[in-house]
Amino acid sequence: MRVVTAAEMREIDRRATEEYGVLGLVLMENAGLKVFECVRRVLGGVDGKQVIVLAGKGNNGGDGLVAARHLLQHGARVKVMLSGEPADVTGDAGINLEIWKRLGQRLYLMQDRNAIQLLQLALMQTDLVVDALFGTGFRGEIRDRARKVIEAVNESGKPVVAVDIPSGVEADTGAVRGPAIQATHTVTFGLPKLGLVLEPGAGRTGELHVADISLPRPLVEAEGGRYLLTPALVRDWLPRREAEAHKGRFGHVLLVAGSRGMVGAAVLAARAAALTGAGLVTLAVPRSIQNVAAGFQPEIMTLGLPETGAGTLSRAAREQIEEFLPRASVLALGPGLTTHPETAELVRELLPGVRVPCVLDADGLNAFGGGERETDRNSAGTPVGESLPPGGFREKPDLVLTPHPGEMARLLGLKSAAEVQADRLGVAERTAAAWRCTVVLKGARTLVAEPGKTYINPTGNPGMATGGTGDVLTGVIAGLLAQGLEPGPAAAAAAFLHGRAGDLAAAERGQASLLAGNLLEYLPAAFHELGA
Ligand SMILES: NC(=O)C1=CN([C@@H]2O[C@H](COP(=O)(O)OP(=O)(O)OC[C@H]3O[C@@H](n4cnc5c(N)ncnc54)[C@H](O)[C@@H]3O)[C@@H](O)[C@H]2O)[C@H](O)CC1
Ligand SMILES: [K+]
């Protein structure tokens with residue numbers, strides 16, 4: 001499902017009105033009606049129920065006033081509390097305020113002296129709150145009276161239906177810089193806004209409903225930009241197995257990974273690739289751990305390579321890897337390699353010559369982590385990611401990078417992961433565009449950016465923040481690439497399935513005891529849910 005910024009939504013609105021003649025007042029009426037319908041569903045009917053509608057002075061408040069009118073029409077007792085002066089409510093919202101008044105209904109004003117006490121009393125009796133304070137026009141932080149109002153609503157524990165977006169959440173970033181409504185349901189109009197699917201905004205949204213408000217289909221269904229991953233989208237990408245399929249059809253993953261102290265990383269990634277349906281998997285590791293690595297999964301072939309005194313791959317391993325590569329359809333490079341200088345050198349020497357799709361993870365990425373690149377910052381100190389890609393990345397359209405924020409920061413020469421976290425979407429998109437590769441930026445709401453298109457993954461949970469889960473993801477990506485998926489869809493589908501396996505595992509085991517190995521147990525169920 002496409003996800004938009006506030007500006008993109010405004011443009012859709014503008015074109016709906018100017019090009020198609022769908023009036024703003026009609027859109028607002030539909031929006032308010034959809035909110036009313038959601039409230040009716042949540043309360044199981046509204047007759048005799050008490051509802052508080054918090055209305056801002058913008059169009060979000062206008063939608064709230066329409067909802068208030070429909071609630072009244074169906075027998076609810078409705079209190080509308082307005083933030084700001086009634087005279088400031090203009091345009092379509094002003095028209096709806098006027099209708100509310102002509103219906104003989106009272107208006108409570110947030111700036112009145114005893115407004116907060118009144119609200120607190122009303123909250124005790126109310127069945128539900130409609131939050132129409134701020135919508136896509138909101139930026140920054142909520143202050144003053146509205147701050148107290150939001151705190152009172154959140155403390156009340158009553159169900160809250162947010163109109164378009166919970167107030168206090170920024171539509172473009174999901175940032176929450178001050179108090180913000182904790183909604184139980186959000187009814188958003190036309191298309192979801194980025195702030196509803198990116199953290200921390202996503203956590204404030206509750207159950208998300210996307211309501212049709214008569215925006216013309218060609219405007220809503222336009223291609224490009226950002227997409228929220230859904231089961232339907234991922235299902236369409238997954239390889240189908242025809243009756244006459246043989247193992248050659250599903251590719252051969254060569255995984256170069258592991259070191260004396262990190263056999264598990266290599267094994268987890270290799271098993272994940274096999275469970276994802278790759279026809280063949282060869283795990284190439286330092287010679288001294290080959291036997292141990294081979295013992296975990298009989299279906300996986302192994303290759304023992306020359307190693308350093310520290311038990312990590314040595315530069316001498318290059319020849320054997322290159323000899324093997326013509327048989328491989330995908331190379332996955334990185335899990336458990338360590339940052340040993342000689343092993344890093346091997347990675348840097350190897351990558352430029354690779355002619356198959358490649359997943360670069362963990363220490364494979366760290367091998368390219370450069371020093372500070374000052375040119376990558378704008379005047380505000382924000383990374384802009386317009387650097388040239390590291391040497392080995394050039395001319396590699398089929399390269400998938402899977403950094404967590406720390407690895408991303410090192411790759412870009414930034415000081416800390418926090419700089420990446422402050423603008424996850426921007427960093428992932430600019431890096432993918434500048435380096436012409438696919439970037440999987442891991443973390444809560446993993447982002448998969450390819451040049452011109454980004455996927456946002458809704459699956460997964462904090463239980464997955466544990467060693468080895470990244471290795472599993474690398475294996476799943478490699479397994480899907482081996483079966484012929486394009487890099488963007490392979491990485492996006494992998495992120496979705498990996499997170500889903502984590503959610504299924506957490507549902508049975510809880511989050512604390514979740515181990516990376518459990519993801520392997522639940523991957524089959526995650527695939528199965530999508531008919532694979
Ligand atoms: N197709 C649609 O999606 C439709 C959407 N509608 C609704 O309209 C709002 C957007 O309306 P807009 O008037 O542009 O903005 P808001 O209602 O969000 O009002 C913002 C209001 O608040 C002020 N403001 C901004 N930041 C702050 C702050 N930090 N502190 C205080 N005040 C702030 C700003 O200046 C504005 O005055 C959309 O969400 C939908 O709900 C249409 O009704 C139907 C079509
Ligand atoms: K709102």
# chains A, B, ... in the order shown; residues from 1 in each chain; ligands from 1
>>> residues_near_ligand(ligand="ligand 2", cutoff="12 Å", atoms="only C-alpha atoms and all ligand atoms", output="JSON, numbers by chain")
{"A": [31, 32, 35, 53, 54, 55, 56, 57, 58, 59, 60, 61, 62, 63, 64, 129, 130, 131, 132, 133, 134, 135, 136, 137, 138, 150, 160, 161, 162, 163, 164, 165, 166, 167, 168, 169, 170, 171, 180, 181, 182, 183, 185, 186, 187, 188, 189, 195, 196, 204, 205]}
>>> select_by_dssp(residues="stretch 196-342 of chain A", states="alpha helix (DSSP H)", output="PyMOL selection string")
chain A and resi 196-197+201-205+217-220+231-237+263-275+290-294+317-324+341-342
>>> residues_around(residues="A:Val281", least_positions_apart="4", cutoff="8 Å", atoms="only C-alpha atoms", output="VMD selection string")
chain A and resid 252 to 255 270 273 to 274 299 to 301
>>> atom_distance(atom1="atom 45 (C, counted along the ligand's line) of ligand 1", atom2="atom CA of A:Leu219")
13.2 Å
>>> residues_around(residues="stretch 351-368 of chain A", least_positions_apart="2", cutoff="7 Å", atoms="only C-alpha atoms", output="list in words")
Ser329, Val330, Leu331, Ala332, Leu333, Gly334, Pro335, Gly336, Leu337, Thr338, Thr339, Ala344, Val347, Arg348, Glu349, Gly370, Pro390, Gly392, Asp398, Leu399, Val400, Leu401, Thr402, Pro403, Glu407, Leu411, Thr474 and Ala478 of chain A
>>> residues_around(residues="A:Leu118", least_positions_apart="5", cutoff="12 Å", atoms="only C-alpha atoms", output="list in words")
Ile52, Lys79, Met81, Tyr108, Leu109, Met110, Gln111, Asp112, Arg113, Leu123, Met124, Gln125, Val149 and Ala152 of chain A
>>> write_last_selection(atoms="all heavy atoms", output="compact mmCIF listing (two decimals), in the first residue's frame")
# COMPACT_ATOMS: atom_id res chain seq x y z
N ILE A 52 -16.78 12.70 23.38
CA ILE A 52 -16.13 14.02 23.37
C ILE A 52 -15.39 14.16 22.04
O ILE A 52 -14.65 13.26 21.65
CB ILE A 52 -15.11 14.15 24.53
CG1 ILE A 52 -15.83 14.06 25.88
CG2 ILE A 52 -14.33 15.45 24.43
CD1 ILE A 52 -14.89 13.99 27.08
N LYS A 79 -20.06 16.25 23.21
CA LYS A 79 -19.47 17.52 23.66
C LYS A 79 -18.33 17.85 22.70
O LYS A 79 -17.40 17.05 22.55
CB LYS A 79 -18.89 17.36 25.08
CG LYS A 79 -19.93 17.33 26.19
CD LYS A 79 -19.22 17.48 27.54
CE LYS A 79 -20.21 17.73 28.67
NZ LYS A 79 -20.97 16.51 29.03
N MET A 81 -15.17 20.23 22.04
CA MET A 81 -14.26 21.21 22.65
C MET A 81 -13.31 21.72 21.58
O MET A 81 -12.60 20.95 20.95
CB MET A 81 -13.49 20.59 23.81
CG MET A 81 -12.63 21.62 24.52
SD MET A 81 -11.85 20.95 26.00
CE MET A 81 -12.95 21.54 27.27
N TYR A 108 -17.57 24.10 23.66
CA TYR A 108 -16.68 24.34 24.80
C TYR A 108 -15.36 24.84 24.25
O TYR A 108 -14.87 24.33 23.24
CB TYR A 108 -16.46 23.04 25.59
CG TYR A 108 -17.74 22.52 26.20
CD1 TYR A 108 -18.62 21.74 25.45
CD2 TYR A 108 -18.06 22.81 27.53
CE1 TYR A 108 -19.79 21.26 25.99
CE2 TYR A 108 -19.24 22.33 28.08
CZ TYR A 108 -20.10 21.55 27.30
OH TYR A 108 -21.26 21.09 27.85
N LEU A 109 -14.80 25.84 24.91
CA LEU A 109 -13.54 26.41 24.40
C LEU A 109 -12.38 26.01 25.31
O LEU A 109 -12.46 26.15 26.53
CB LEU A 109 -13.63 27.94 24.31
CG LEU A 109 -14.71 28.47 23.36
CD1 LEU A 109 -14.69 29.99 23.31
CD2 LEU A 109 -14.55 27.89 21.95
N MET A 110 -11.31 25.54 24.68
CA MET A 110 -10.17 25.04 25.44
C MET A 110 -9.48 26.12 26.26
O MET A 110 -8.87 25.83 27.28
CB MET A 110 -9.15 24.44 24.45
CG MET A 110 -8.54 23.16 24.91
SD MET A 110 -7.55 22.46 23.61
CE MET A 110 -8.72 21.34 22.87
N GLN A 111 -9.57 27.35 25.78
CA GLN A 111 -8.87 28.41 26.53
C GLN A 111 -9.68 28.97 27.69
O GLN A 111 -9.17 29.80 28.44
CB GLN A 111 -8.37 29.54 25.59
CG GLN A 111 -9.39 30.14 24.70
CD GLN A 111 -9.58 29.26 23.45
OE1 GLN A 111 -9.19 28.10 23.43
NE2 GLN A 111 -10.21 29.80 22.44
N ASP A 112 -10.94 28.51 27.87
CA ASP A 112 -11.71 28.95 29.03
C ASP A 112 -10.99 28.54 30.30
O ASP A 112 -10.33 27.51 30.35
CB ASP A 112 -13.11 28.33 29.01
CG ASP A 112 -14.02 29.07 28.03
OD1 ASP A 112 -13.56 30.10 27.48
OD2 ASP A 112 -15.15 28.60 27.79
N ARG A 113 -11.21 29.35 31.35
CA ARG A 113 -10.44 29.20 32.58
C ARG A 113 -10.53 27.78 33.19
O ARG A 113 -9.54 27.20 33.56
CB ARG A 113 -10.90 30.25 33.60
CG ARG A 113 -9.88 30.62 34.63
CD ARG A 113 -10.20 31.97 35.25
NE ARG A 113 -11.64 32.20 35.38
CZ ARG A 113 -12.38 31.78 36.41
NH1 ARG A 113 -11.83 31.12 37.40
NH2 ARG A 113 -13.68 32.03 36.46
N LEU A 123 -14.45 13.45 30.86
CA LEU A 123 -13.73 12.23 30.47
C LEU A 123 -14.15 11.04 31.32
O LEU A 123 -14.17 9.90 30.85
CB LEU A 123 -12.22 12.45 30.59
CG LEU A 123 -11.56 13.17 29.40
CD1 LEU A 123 -10.12 13.57 29.75
CD2 LEU A 123 -11.58 12.30 28.15
N MET A 124 -14.50 11.31 32.61
CA MET A 124 -14.90 10.20 33.48
C MET A 124 -16.17 9.53 32.97
O MET A 124 -16.36 8.34 33.12
CB MET A 124 -15.11 10.72 34.90
CG MET A 124 -13.80 10.99 35.61
SD MET A 124 -14.10 11.15 37.35
CE MET A 124 -13.74 12.85 37.60
N GLN A 125 -17.05 10.35 32.38
CA GLN A 125 -18.34 9.80 31.94
C GLN A 125 -18.37 9.37 30.49
O GLN A 125 -19.27 8.66 30.06
CB GLN A 125 -19.43 10.86 32.16
CG GLN A 125 -19.83 10.97 33.62
CD GLN A 125 -20.24 12.37 33.97
OE1 GLN A 125 -20.72 13.13 33.13
NE2 GLN A 125 -20.04 12.76 35.22
N VAL A 149 -4.66 19.05 27.56
CA VAL A 149 -5.81 18.30 27.04
C VAL A 149 -5.37 16.89 26.65
O VAL A 149 -6.00 15.89 27.01
CB VAL A 149 -6.43 19.04 25.82
CG1 VAL A 149 -7.39 18.14 25.06
CG2 VAL A 149 -7.11 20.32 26.29
N ALA A 152 -4.61 14.76 29.65
CA ALA A 152 -5.85 14.31 30.32
C ALA A 152 -6.50 13.16 29.56
O ALA A 152 -6.95 12.18 30.16
CB ALA A 152 -6.82 15.48 30.45
>>> select_by_dssp(residues="stretch 6-188 of chain A", states="strand (DSSP E)", output="PyMOL selection string")
chain A and resi 50-55+77-82+107-109+128-132+160-163+185-188
>>> residues_around(residues="A:Leu447", least_positions_apart="4", cutoff="8 Å", atoms="only C-alpha atoms", output="MDAnalysis selection string")
chainID A and resid 424:425 428 439:442 454:457
>>> closest_residue(among="A:Ala418, A:Ala202, A:Leu514, A:Leu229", to="A:Ala444", atoms="only C-alpha atoms")
A:Ala202
>>> closest_residue(among="A:Ala432, A:Val39, A:Ile213, A:Leu97", to="ligand 1", atoms="only C-alpha atoms and all ligand atoms")
A:Ile213
>>> atom_distance(atom1="atom CA of A:Arg226", atom2="atom 41 (O, counted along the ligand's line) of ligand 1")
20.6 Å
>>> closest_residue(among="A:Ala232, A:Leu43, A:Ala266, A:Leu27", to="ligand 1", atoms="only C-alpha atoms and all ligand atoms")
A:Leu27
>>> closest_residue(among="A:Pro451, A:Pro489, A:Gly470, A:Gly174", to="A:Ala422", atoms="only C-alpha atoms")
A:Gly174
>>> residues_around(residues="stretch 475-477 of chain A", least_positions_apart="4", cutoff="7 Å", atoms="only C-alpha atoms", output="MDAnalysis selection string")
chainID A and resid 269:270 272:273 276 471 481 490:491 494
>>> closest_residue(among="A:Arg139, A:Lys396, A:Arg430, A:Lys193", to="ligand 1", atoms="only C-alpha atoms and all ligand atoms")
A:Arg139
